[in-house]
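Asker: Here you go, one structure.
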Amino acid sequence: MIMETEYGRRPARQHFLPPALRAPLEARTFREFGYLLLSLPISIVMFTWAVVMVSLSAGLLITFLGIPVLAAGLVGCRAFGALERKRARALLGVDVPAPQPVRGKRGMAWIGAVLKSGVSWRHLLYSVLHFPWALFSFVVSLSLWVYGWGLVTYPLWQWVFPTYTGQDGIQLYGDGTHDFYLDSPFEITLTVLVGLVVTLAVPWIIRGFAYVDRGLLFGLLGPSRLEERVVELESDRGVVVDTSAADLRRIERDLHDGAQARLVALAMDLGLAKEKLTEDPQAAARMVDSAHGEVKVALQELRDLARGIHPAVLTDRGLDAALSSVASRCTVPVQVEVDLPGRPVPAIEGIAYFTVSELLQNVSKHSGASRAGVDVWRAQDRLMLQVTDNGRGGASVDGGSGLAGLAERLDAVDGILVVDSPRGGPTTVTAELPWRA
């Protein structure tokens, strides 16, 4: 029987057995069990390599050869780490990001980069620590697996004892005078029940061992939190650069197509009016009057453009007045409530103004709402923005919409955009920004 998954990505099979009963036969159990079985031989090789290379380099430190030998040992541990990440991806279904490669030129600079890299030493630590854990998990999981299935299938192979060993069954006790064998129907049934309990418990024990391995992989073979933060900041910097370039192109386009074109037309009209001033004063007056109207329109376009970049009211009076000005230009009534203990830094204040402005433009153009609201407040070290409307709903950050670009802009400064917009409405868009006073 097939049913749709939560997101409709692929059909999922509906299981009639509870997870505890189907776990021993699930593919995940066999993959994780195979991972634990392979861990022991691989960890033996890793442990041997790490101990031998470190010991050899320590013995050679009185000479120059100890340093390159230690670097070679660390590089080998990094190679084993890459193998472990691939094995975890194939059998455990976890994708451990690869850490940053060694940055250095050839020769001594490269050796120095290897030795100074914390990633290299974490790989060495993994090679040493993983061996005792792999030995323990291998012995426990394999023993329980064999004993569990062996006891469950005991009635199928119990005949082996009287046929080939002269015993009645599995011997539980024997001291030379008294022997106890599992051979009666009751004892065989009890043996099967004990085996069934062990068999049902083994997958969860294996799963627990696999979670410990996942922790070791992410903790020692993946990038550190600092490296992840650096990558995130590099990505955010790229978003900021792209956003700034897009804003500059938009401003240039608006100036070229709007105010600049009107000013060029205005200059031409004034030139014609100057020529007609002596010949036809009335026509010249009409042309000057038309040029006066063009000046007003051009000035309004320049004001709108400047207001979209960073309005003067925001600089002079803060978010409360600036957002009230934006709300007054919205096509639906907007109630604005701003409760802030002070003013954030201009960069955060500008992003907050731009966010609310964009959201209110969406309300005007796409929501079909009859009213909207804007709430701004501070929650600990976060600046909270919330825009609501009673429109038709259906807004989403997916599909390359304007909300997606807004979310990227907020993410570049450690902000968050959350959209709650069911079909039929209402829509609530919440934005979080870091509070920097």
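Starting from 1 in every chain, residues are counted up; chains themselves are A, B, ... following the order of the structure tokens, and ligands are numbered from 1 as listed.
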Within 12 Å of Ser184 (chain A), counting only C-alpha atoms, which residues show up once you throw out same-chain ones fewer than 3 positions away? Write them as a PyMOL selection string, please.

Answerer: chain A and resi 155+158+168-170+180-181+187-191

Asker: Where does region 171-214 of chain A meet region 76-91 of chain A within 12 Å, residue by residue, with the nearest atom pair and distance in Å to one decimal for each, counting only C-alpha atoms, listed by chain and rising number, as CSV?

Answerer:
```
residue,atom,partner,partner_atom,distance
A:Ala210,CA,A:Ala88,CA,9.6
A:Tyr211,CA,A:Ala88,CA,11.1
A:Asp213,CA,A:Ala88,CA,8.9
A:Arg214,CA,A:Ala88,CA,8.0
```

Asker: Hey, what's within 9 Å of region 125-136 of chain A if we count only C-alpha atoms and toss same-chain stuff fewer than 3 positions away? As number ranges by chain, please?

Answerer: A: 36-51, 77, 80-81, 120-122, 139-141, 213, 216-217, 220-221

Asker: Using only C-alpha atoms, pick whichever of A:Leu200, A:Tyr353, A:Phe209, A:Val418 has the shortest atom-to-atom distance to Pro18 (chain A).

Answerer: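 Under the stated criterion, the closest residue is A:Leu200.
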
Asker: How far is it from CA of Leu385 (chain A) to CA of Thr355 (chain A), in Å with one decimal?

Answerer: 8.5 Å

Asker: Taking only C-alpha atoms into account, name the residue in A:Val397, A:Ala372, A:Leu156, A:Val69 that is nearest to Val192 (chain A).

Answerer: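 Among the listed residues, A:Leu156 lies closest to Val192 (chain A).
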
Asker: Leaving out Leu319 (chain A) and any residue of its chain fewer than 5 positions from it, which residues lie within 12 Å of it when counting only C-alpha atoms, given as an MDAnalysis selection string?

Answerer: chainID A and resid 310:314 324:327 336:346 348:357 374:377 383 385

Asker: What separation in Å, quoted to one decimal, exists between CA of Ala412 (chain A) and CA of Ala98 (chain A)?

Answerer: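 We find that CA of Ala412 (chain A) and CA of Ala98 (chain A) lie 23.1 Å from each other.
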
Asker: Based on DSSP run over this structure's backbone, return all residues of region 52-255 of chain A in strand (DSSP E), as a short mmCIF file (atom, residue, chain, number, x, y, z; two decimals) with all heavy atoms, in the first residue's frame.

Answerer:
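That gives us states05.cif:
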```cif
data_model
loop_
_atom_site.label_atom_id
_atom_site.label_comp_id
_atom_site.auth_asym_id
_atom_site.auth_seq_id
_atom_site.Cartn_x
_atom_site.Cartn_y
_atom_site.Cartn_z
N ILE A 170 22.14 -28.01 23.36
CA ILE A 170 23.11 -27.05 23.91
C ILE A 170 23.29 -27.34 25.40
O ILE A 170 22.31 -27.45 26.15
CB ILE A 170 22.62 -25.60 23.70
CG1 ILE A 170 22.52 -25.30 22.20
CG2 ILE A 170 23.57 -24.62 24.37
CD1 ILE A 170 21.97 -23.92 21.92
N GLN A 171 24.52 -27.46 25.84
CA GLN A 171 24.81 -27.73 27.23
C GLN A 171 24.91 -26.41 28.00
O GLN A 171 25.76 -25.57 27.71
CB GLN A 171 26.11 -28.51 27.38
CG GLN A 171 26.42 -28.91 28.81
CD GLN A 171 27.72 -29.69 28.92
OE1 GLN A 171 28.55 -29.66 28.03
NE2 GLN A 171 27.89 -30.39 30.05
N LEU A 172 24.02 -26.21 28.99
CA LEU A 172 24.07 -25.04 29.83
C LEU A 172 24.93 -25.24 31.06
O LEU A 172 25.50 -24.29 31.59
CB LEU A 172 22.66 -24.64 30.26
CG LEU A 172 21.74 -24.04 29.20
CD1 LEU A 172 20.44 -23.60 29.82
CD2 LEU A 172 22.40 -22.86 28.50
N TYR A 173 25.01 -26.50 31.53
CA TYR A 173 25.75 -26.76 32.76
C TYR A 173 26.30 -28.17 32.72
O TYR A 173 25.64 -29.09 32.20
CB TYR A 173 24.84 -26.59 33.99
CG TYR A 173 25.48 -26.98 35.30
CD1 TYR A 173 26.38 -26.14 35.94
CD2 TYR A 173 25.18 -28.22 35.89
CE1 TYR A 173 26.98 -26.51 37.14
CE2 TYR A 173 25.77 -28.59 37.09
CZ TYR A 173 26.67 -27.73 37.71
OH TYR A 173 27.26 -28.11 38.89
N GLY A 174 27.49 -28.34 33.26
CA GLY A 174 28.08 -29.67 33.36
C GLY A 174 29.27 -29.66 34.27
O GLY A 174 30.16 -28.83 34.12
N ASP A 179 24.71 -32.93 34.17
CA ASP A 179 24.69 -32.18 32.91
C ASP A 179 23.28 -31.68 32.64
O ASP A 179 22.30 -32.37 32.95
CB ASP A 179 25.14 -33.06 31.74
CG ASP A 179 26.58 -33.53 31.91
OD1 ASP A 179 27.41 -32.71 32.33
OD2 ASP A 179 26.84 -34.73 31.63
N PHE A 180 23.22 -30.45 32.10
CA PHE A 180 21.90 -29.90 31.77
C PHE A 180 21.93 -29.44 30.31
O PHE A 180 22.76 -28.61 29.92
CB PHE A 180 21.58 -28.71 32.68
CG PHE A 180 20.21 -28.13 32.44
CD1 PHE A 180 19.08 -28.76 32.94
CD2 PHE A 180 20.05 -26.97 31.70
CE1 PHE A 180 17.83 -28.22 32.72
CE2 PHE A 180 18.80 -26.44 31.47
CZ PHE A 180 17.69 -27.07 31.97
N TYR A 181 21.03 -30.02 29.52
CA TYR A 181 20.95 -29.72 28.09
C TYR A 181 19.58 -29.13 27.76
O TYR A 181 18.58 -29.44 28.40
CB TYR A 181 21.17 -30.99 27.26
CG TYR A 181 22.51 -31.63 27.46
CD1 TYR A 181 22.66 -32.71 28.34
CD2 TYR A 181 23.63 -31.17 26.78
CE1 TYR A 181 23.90 -33.31 28.53
CE2 TYR A 181 24.86 -31.76 26.95
CZ TYR A 181 24.99 -32.83 27.83
OH TYR A 181 26.22 -33.41 28.02
N LEU A 182 19.57 -28.27 26.74
CA LEU A 182 18.31 -27.72 26.23
C LEU A 182 17.78 -28.68 25.17
O LEU A 182 18.09 -28.57 23.99
CB LEU A 182 18.55 -26.33 25.64
CG LEU A 182 19.09 -25.26 26.59
CD1 LEU A 182 19.37 -23.96 25.83
CD2 LEU A 182 18.12 -25.01 27.72
#
```

Asker: Hey, which of A:Ala369, A:Leu74, A:Ile62, A:Leu92 ends up closest to Arg207 (chain A)? Count only C-alpha atoms.

Answerer: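 Result for the nearest residue to Arg207 (chain A): A:Leu92.
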